[in-house]
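Notes for the one structure printed next.
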Amino acid sequence: MSGITLYDYWRSSASYRVRLALAVKGLEYRTHPVNLLVGAHKAAPHLQRNPQAFVPVMEIEGVELTQSLAIIDYLEERFPTPALLPEDFLERAQVRALAHALAVDIHPVCNLSIVKEIALLSDAGDEAKKAWMQRHIRRGLCAFEKLLERGKPGRFCFKDRIGLADIVLLPQIYNADRWSAERSDLPLICGIVERLQQEEVLQAAAPREPLGTTTH
């Protein structure tokens with residue numbers, strides 16, 4: 001389908017999730033970079049798209065959608081194949097729980113705007129910010145590993161098909177590795193991530209610094 005525009009920032013894990021969902025669904029889209037480093041997300045044009053000043057925003061059929069998980073829910077309902085969620089209701093809840101453990105419980109705590117506020121209040125330096133990231137990401141990933149252990153992992157987070165939990169995990173690991181958060185002792189996560197990174201369909205969605213507006 002044409003006519004999808006994604007307003008995103010290349011290093012945003014929330015944007016990365018949506019790019020992965022679009023890749024799995026095989027949907028073409030146009031990227032409009034929103035440079036967070038220069039404050040483009042706080043400028044009037046983007047605030048009109050999203051008053052929260054967050055990325056991503058996905059424009060489709062004349063409507064601008066916000067919040068990455070809500071955007072992915074829309075894509076799953078609007079373009080149901082290939083599916084990101086199982087058919088069984090209980091299994092769908094289990095997969096959503098895995099995804100939320102990452103997107104809801106790790107990502108917000110490690111949002112750079114939160115860490116910046118804490119650094120200002122505590123007069124902490126770069127090493128303290130790095131330690132904050134490492135501590136909270138590590139704690140969340142250890143819990144996620146245990147959730148995987150008691151769930152139904154296969155080649156991926158849930159059995160053998162790429163799903164919602166996987167497209168949330170991969171961006172979180174990108175962040176973890178950026179901040180050197182230890183994860184080598186988490187075998188299920190490491191194995192799943194290695195297999196995901198080998199999937200050609202996902203590689204095009206990986207973070208790359210943009211040279212300008214591009215079409216995928």
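For the structure tokens, the naming scheme is as follows: chains receive sequential letters (A, B, ...) according to their order of presentation, residues are indexed from 1 within each chain, and ligands are indexed from 1 in presentation order.
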Selection near Val95 (chain A), 10 Å with only C-alpha atoms, sequence-local residues under 5 positions removed, as an mmCIF file with all heavy atoms, in the first residue's frame:
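Result file out-v1.cif:
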```cif
data_model
loop_
_atom_site.group_PDB
_atom_site.id
_atom_site.type_symbol
_atom_site.label_atom_id
_atom_site.label_comp_id
_atom_site.auth_asym_id
_atom_site.auth_seq_id
_atom_site.Cartn_x
_atom_site.Cartn_y
_atom_site.Cartn_z
ATOM 1 N N LEU A 84 1.154 -10.517 13.371
ATOM 2 C CA LEU A 84 2.127 -10.302 14.442
ATOM 3 C C LEU A 84 1.661 -10.910 15.753
ATOM 4 O O LEU A 84 2.421 -10.966 16.721
ATOM 5 C CB LEU A 84 2.374 -8.799 14.640
ATOM 6 C CG LEU A 84 3.050 -8.073 13.476
ATOM 7 C CD1 LEU A 84 3.030 -6.574 13.707
ATOM 8 C CD2 LEU A 84 4.475 -8.567 13.297
ATOM 9 N N LEU A 85 0.397 -11.330 15.798
ATOM 10 C CA LEU A 85 -0.181 -11.921 17.001
ATOM 11 C C LEU A 85 -0.789 -13.279 16.668
ATOM 12 O O LEU A 85 -1.310 -13.469 15.562
ATOM 13 C CB LEU A 85 -1.269 -11.011 17.593
ATOM 14 C CG LEU A 85 -0.793 -9.698 18.218
ATOM 15 C CD1 LEU A 85 -1.972 -8.762 18.458
ATOM 16 C CD2 LEU A 85 -0.060 -9.961 19.538
ATOM 17 N N PRO A 86 -0.773 -14.218 17.616
ATOM 18 C CA PRO A 86 -1.408 -15.509 17.376
ATOM 19 C C PRO A 86 -2.930 -15.377 17.313
ATOM 20 O O PRO A 86 -3.490 -14.352 17.712
ATOM 21 C CB PRO A 86 -0.988 -16.347 18.603
ATOM 22 C CG PRO A 86 -0.120 -15.503 19.439
ATOM 23 C CD PRO A 86 -0.147 -14.110 18.920
ATOM 24 N N LEU A 90 -5.732 -16.257 24.493
ATOM 25 C CA LEU A 90 -4.789 -16.312 25.605
ATOM 26 C C LEU A 90 -3.359 -16.113 25.113
ATOM 27 O O LEU A 90 -2.568 -15.420 25.757
ATOM 28 C CB LEU A 90 -4.919 -17.650 26.338
ATOM 29 C CG LEU A 90 -6.164 -17.811 27.212
ATOM 30 C CD1 LEU A 90 -6.224 -19.224 27.792
ATOM 31 C CD2 LEU A 90 -6.183 -16.791 28.340
ATOM 32 N N HIS A 100 4.768 -5.506 26.194
ATOM 33 C CA HIS A 100 4.585 -4.414 27.149
ATOM 34 C C HIS A 100 5.672 -4.403 28.218
ATOM 35 O O HIS A 100 6.025 -3.329 28.738
ATOM 36 C CB HIS A 100 3.210 -4.525 27.804
ATOM 37 C CG HIS A 100 2.082 -4.220 26.870
ATOM 38 N ND1 HIS A 100 0.773 -4.115 27.282
ATOM 39 C CD2 HIS A 100 2.051 -4.002 25.542
ATOM 40 C CE1 HIS A 100 -0.001 -3.849 26.250
ATOM 41 N NE2 HIS A 100 0.767 -3.776 25.175
ATOM 42 N N ALA A 101 6.200 -5.589 28.566
ATOM 43 C CA ALA A 101 7.288 -5.637 29.540
ATOM 44 C C ALA A 101 8.490 -4.830 29.073
ATOM 45 O O ALA A 101 9.238 -4.275 29.885
ATOM 46 C CB ALA A 101 7.698 -7.093 29.786
ATOM 47 N N GLY A 151 7.390 -19.017 29.186
ATOM 48 C CA GLY A 151 6.463 -18.871 28.068
ATOM 49 C C GLY A 151 6.644 -19.967 27.036
ATOM 50 O O GLY A 151 6.916 -21.129 27.372
ATOM 51 N N LYS A 152 6.538 -19.580 25.770
ATOM 52 C CA LYS A 152 6.624 -20.551 24.677
ATOM 53 C C LYS A 152 7.615 -20.076 23.615
ATOM 54 O O LYS A 152 7.266 -19.877 22.452
ATOM 55 C CB LYS A 152 5.257 -20.758 24.050
ATOM 56 C CG LYS A 152 4.208 -21.326 25.005
ATOM 57 C CD LYS A 152 2.863 -21.477 24.320
ATOM 58 C CE LYS A 152 1.823 -22.036 25.282
ATOM 59 N NZ LYS A 152 0.479 -22.147 24.640
ATOM 60 N N CYS A 157 10.480 -15.003 20.077
ATOM 61 C CA CYS A 157 9.947 -14.838 21.432
ATOM 62 C C CYS A 157 8.755 -15.742 21.715
ATOM 63 O O CYS A 157 8.574 -16.209 22.842
ATOM 64 C CB CYS A 157 9.541 -13.382 21.658
ATOM 65 S SG CYS A 157 10.928 -12.241 21.839
ATOM 66 N N PHE A 158 7.939 -15.965 20.697
ATOM 67 C CA PHE A 158 6.780 -16.837 20.863
ATOM 68 C C PHE A 158 6.742 -17.812 19.698
ATOM 69 O O PHE A 158 6.411 -17.436 18.571
ATOM 70 C CB PHE A 158 5.485 -16.011 20.925
ATOM 71 C CG PHE A 158 4.297 -16.798 21.403
ATOM 72 C CD1 PHE A 158 4.067 -16.979 22.758
ATOM 73 C CD2 PHE A 158 3.421 -17.370 20.506
ATOM 74 C CE1 PHE A 158 2.985 -17.703 23.208
ATOM 75 C CE2 PHE A 158 2.329 -18.103 20.938
ATOM 76 C CZ PHE A 158 2.108 -18.273 22.304
ATOM 77 N N GLY A 163 6.935 -12.003 15.698
ATOM 78 C CA GLY A 163 5.705 -11.404 16.178
ATOM 79 C C GLY A 163 5.936 -10.093 16.905
ATOM 80 O O GLY A 163 7.042 -9.532 16.888
ATOM 81 N N LEU A 164 4.897 -9.638 17.555
ATOM 82 C CA LEU A 164 4.923 -8.343 18.231
ATOM 83 C C LEU A 164 6.060 -8.241 19.240
ATOM 84 O O LEU A 164 6.769 -7.224 19.301
ATOM 85 C CB LEU A 164 3.581 -8.103 18.926
ATOM 86 C CG LEU A 164 3.458 -6.819 19.759
ATOM 87 C CD1 LEU A 164 3.612 -5.584 18.879
ATOM 88 C CD2 LEU A 164 2.130 -6.788 20.502
ATOM 89 N N ALA A 165 6.247 -9.285 20.049
ATOM 90 C CA ALA A 165 7.301 -9.220 21.067
ATOM 91 C C ALA A 165 8.677 -9.063 20.444
ATOM 92 O O ALA A 165 9.543 -8.363 20.986
ATOM 93 C CB ALA A 165 7.248 -10.465 21.951
ATOM 94 N N ASP A 166 8.891 -9.694 19.308
ATOM 95 C CA ASP A 166 10.194 -9.615 18.640
ATOM 96 C C ASP A 166 10.482 -8.211 18.116
ATOM 97 O O ASP A 166 11.619 -7.724 18.222
ATOM 98 C CB ASP A 166 10.245 -10.609 17.478
ATOM 99 C CG ASP A 166 10.023 -12.032 17.941
ATOM 100 O OD1 ASP A 166 10.885 -12.567 18.645
ATOM 101 O OD2 ASP A 166 8.961 -12.600 17.599
#
```
Return as an MDAnalysis selection string the full set of residues in region 37-208 of chain A whose backbone-based DSSP assignment is alpha helix (DSSP H). chainID A and resid 44:49 68:78 89:103 112:122 126:149 164:178 187:197 200:203
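Candidate residues A:Glu91, A:Ser113, A:Leu37, A:Val18 were compared for distance to Ile71 (chain A), and the nearest is A:Val18, using only C-alpha atoms.
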Which of chain A DSSP labels strand (DSSP E), written as a list in words: Thr5, Leu6, Tyr7, Asp8, Arg30, Thr31, His32, Pro33, Val57, Met58, Glu59, Ile60, Val63, Glu64, Leu65, Thr66, Thr214 and Thr215 of chain A
Provide the CA of Ser15 (chain A) to CA of Ser68 (chain A) distance in Å, to one decimal place.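 CA of Ser15 (chain A) sits 6.9 Å away from CA of Ser68 (chain A).
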Residues near Arg195 (chain A), cut-off 12 Å, only C-alpha atoms, skip fewer than 3 positions along chain, as a PyMOL selection string: chain A and resi 154-157+160-162+166+170+188-192+198-203
For those residues, write N, CA and C atoms to a file as a PDB file, in the first residue's frame.
```
ATOM      1  N   GLY A 154      10.536 -20.140  20.858  1.00  0.00           N
ATOM      2  CA  GLY A 154      11.024 -21.079  19.866  1.00  0.00           C
ATOM      3  C   GLY A 154      12.221 -20.433  19.211  1.00  0.00           C
ATOM      4  N   ARG A 155      12.168 -20.278  17.915  1.00  0.00           N
ATOM      5  CA  ARG A 155      13.216 -19.509  17.245  1.00  0.00           C
ATOM      6  C   ARG A 155      13.119 -18.041  17.628  1.00  0.00           C
ATOM      7  N   PHE A 156      11.891 -17.614  17.967  1.00  0.00           N
ATOM      8  CA  PHE A 156      11.665 -16.215  18.333  1.00  0.00           C
ATOM      9  C   PHE A 156      10.964 -16.149  19.694  1.00  0.00           C
ATOM     10  N   CYS A 157      10.480 -15.003  20.077  1.00  0.00           N
ATOM     11  CA  CYS A 157       9.947 -14.838  21.432  1.00  0.00           C
ATOM     12  C   CYS A 157       8.755 -15.742  21.715  1.00  0.00           C
ATOM     13  N   ASP A 160       7.820 -19.984  16.614  1.00  0.00           N
ATOM     14  CA  ASP A 160       8.785 -19.891  15.509  1.00  0.00           C
ATOM     15  C   ASP A 160       8.443 -18.846  14.456  1.00  0.00           C
ATOM     16  N   ARG A 161       7.598 -17.881  14.807  1.00  0.00           N
ATOM     17  CA  ARG A 161       7.219 -16.852  13.845  1.00  0.00           C
ATOM     18  C   ARG A 161       7.491 -15.473  14.446  1.00  0.00           C
ATOM     19  N   ILE A 162       8.043 -14.582  13.651  1.00  0.00           N
ATOM     20  CA  ILE A 162       8.292 -13.220  14.120  1.00  0.00           C
ATOM     21  C   ILE A 162       6.970 -12.572  14.502  1.00  0.00           C
ATOM     22  N   ASP A 166       8.891  -9.694  19.308  1.00  0.00           N
ATOM     23  CA  ASP A 166      10.194  -9.615  18.640  1.00  0.00           C
ATOM     24  C   ASP A 166      10.482  -8.211  18.116  1.00  0.00           C
ATOM     25  N   LEU A 170      13.880  -6.168  19.567  1.00  0.00           N
ATOM     26  CA  LEU A 170      15.047  -5.781  18.774  1.00  0.00           C
ATOM     27  C   LEU A 170      15.458  -4.321  19.008  1.00  0.00           C
ATOM     28  N   LEU A 188      18.366 -16.903  26.164  1.00  0.00           N
ATOM     29  CA  LEU A 188      17.180 -16.875  25.312  1.00  0.00           C
ATOM     30  C   LEU A 188      17.125 -15.574  24.516  1.00  0.00           C
ATOM     31  N   ILE A 189      17.339 -14.459  25.196  1.00  0.00           N
ATOM     32  CA  ILE A 189      17.333 -13.163  24.522  1.00  0.00           C
ATOM     33  C   ILE A 189      18.415 -13.113  23.454  1.00  0.00           C
ATOM     34  N   CYS A 190      19.626 -13.519  23.811  1.00  0.00           N
ATOM     35  CA  CYS A 190      20.741 -13.434  22.858  1.00  0.00           C
ATOM     36  C   CYS A 190      20.488 -14.289  21.626  1.00  0.00           C
ATOM     37  N   GLY A 191      19.948 -15.479  21.831  1.00  0.00           N
ATOM     38  CA  GLY A 191      19.676 -16.357  20.697  1.00  0.00           C
ATOM     39  C   GLY A 191      18.606 -15.807  19.786  1.00  0.00           C
ATOM     40  N   ILE A 192      17.538 -15.301  20.379  1.00  0.00           N
ATOM     41  CA  ILE A 192      16.440 -14.731  19.585  1.00  0.00           C
ATOM     42  C   ILE A 192      16.922 -13.518  18.801  1.00  0.00           C
ATOM     43  N   GLN A 198      19.443 -11.781  11.593  1.00  0.00           N
ATOM     44  CA  GLN A 198      19.755 -12.468  10.346  1.00  0.00           C
ATOM     45  C   GLN A 198      18.595 -12.445   9.362  1.00  0.00           C
ATOM     46  N   GLU A 199      17.428 -11.981   9.809  1.00  0.00           N
ATOM     47  CA  GLU A 199      16.253 -11.948   8.946  1.00  0.00           C
ATOM     48  C   GLU A 199      16.356 -10.766   7.981  1.00  0.00           C
ATOM     49  N   GLU A 200      16.459 -11.070   6.710  1.00  0.00           N
ATOM     50  CA  GLU A 200      16.658 -10.020   5.705  1.00  0.00           C
ATOM     51  C   GLU A 200      15.531  -9.000   5.711  1.00  0.00           C
ATOM     52  N   VAL A 201      14.298  -9.444   5.955  1.00  0.00           N
ATOM     53  CA  VAL A 201      13.158  -8.540   5.903  1.00  0.00           C
ATOM     54  C   VAL A 201      13.244  -7.464   6.988  1.00  0.00           C
ATOM     55  N   LEU A 202      13.963  -7.751   8.066  1.00  0.00           N
ATOM     56  CA  LEU A 202      14.078  -6.795   9.166  1.00  0.00           C
ATOM     57  C   LEU A 202      15.277  -5.863   9.025  1.00  0.00           C
ATOM     58  N   GLN A 203      16.234  -6.250   8.217  1.00  0.00           N
ATOM     59  CA  GLN A 203      17.486  -5.490   8.166  1.00  0.00           C
ATOM     60  C   GLN A 203      17.308  -4.085   7.605  1.00  0.00           C
TER      61      GLN A 203
END
```
Residue nearest Arg11 (chain A) among A:Asn175, A:Gln67, A:Gln134, A:Asn50 (counting only C-alpha atoms): A:Asn175
Among the residues A:Pro171, A:Gly125, A:Gly3, A:Gly62, the one that comes closest to Ala206 (chain A) [using only C-alpha atoms]: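 Going through A:Pro171, A:Gly125, A:Gly3, A:Gly62 one by one, the smallest distance to Ala206 (chain A) is for A:Pro171.
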Residue neighbourhood Val24 (chain A), 8 Å, only C-alpha atoms, exclusion window fewer than 2 positions, as a list in words: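 Selected residues are Leu20, Ala21, Leu22, Gly26, Leu27, Pro82, Val201 and Leu202 of chain A.
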Using only C-alpha atoms, which residues sit within 9 Å of Pro207 (chain A) once same-chain residues fewer than 5 positions away are excluded, as a list in words?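 Contacts, in chain order: Tyr9, Trp10, Arg11, Ser12, Ser13, Tyr16, Pro171 and Tyr174 of chain A.
For the residues A:Ala53, A:Ile173, A:Met58, A:Val168, ranking by smallest atom-to-atom distance to Ala97 (chain A) using only C-alpha atoms places A:Val168 first.
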Given only C-alpha atoms as the counted atoms, nearest of A:Tyr74, A:Phe144, A:Tyr29, A:Phe79 to Leu98 (chain A): A:Phe144
I'd like to know which of A:Val57, A:Ala128, A:Ala176, A:Asp73 is closest to Arg92 (chain A), using only C-alpha atoms. A:Asp73
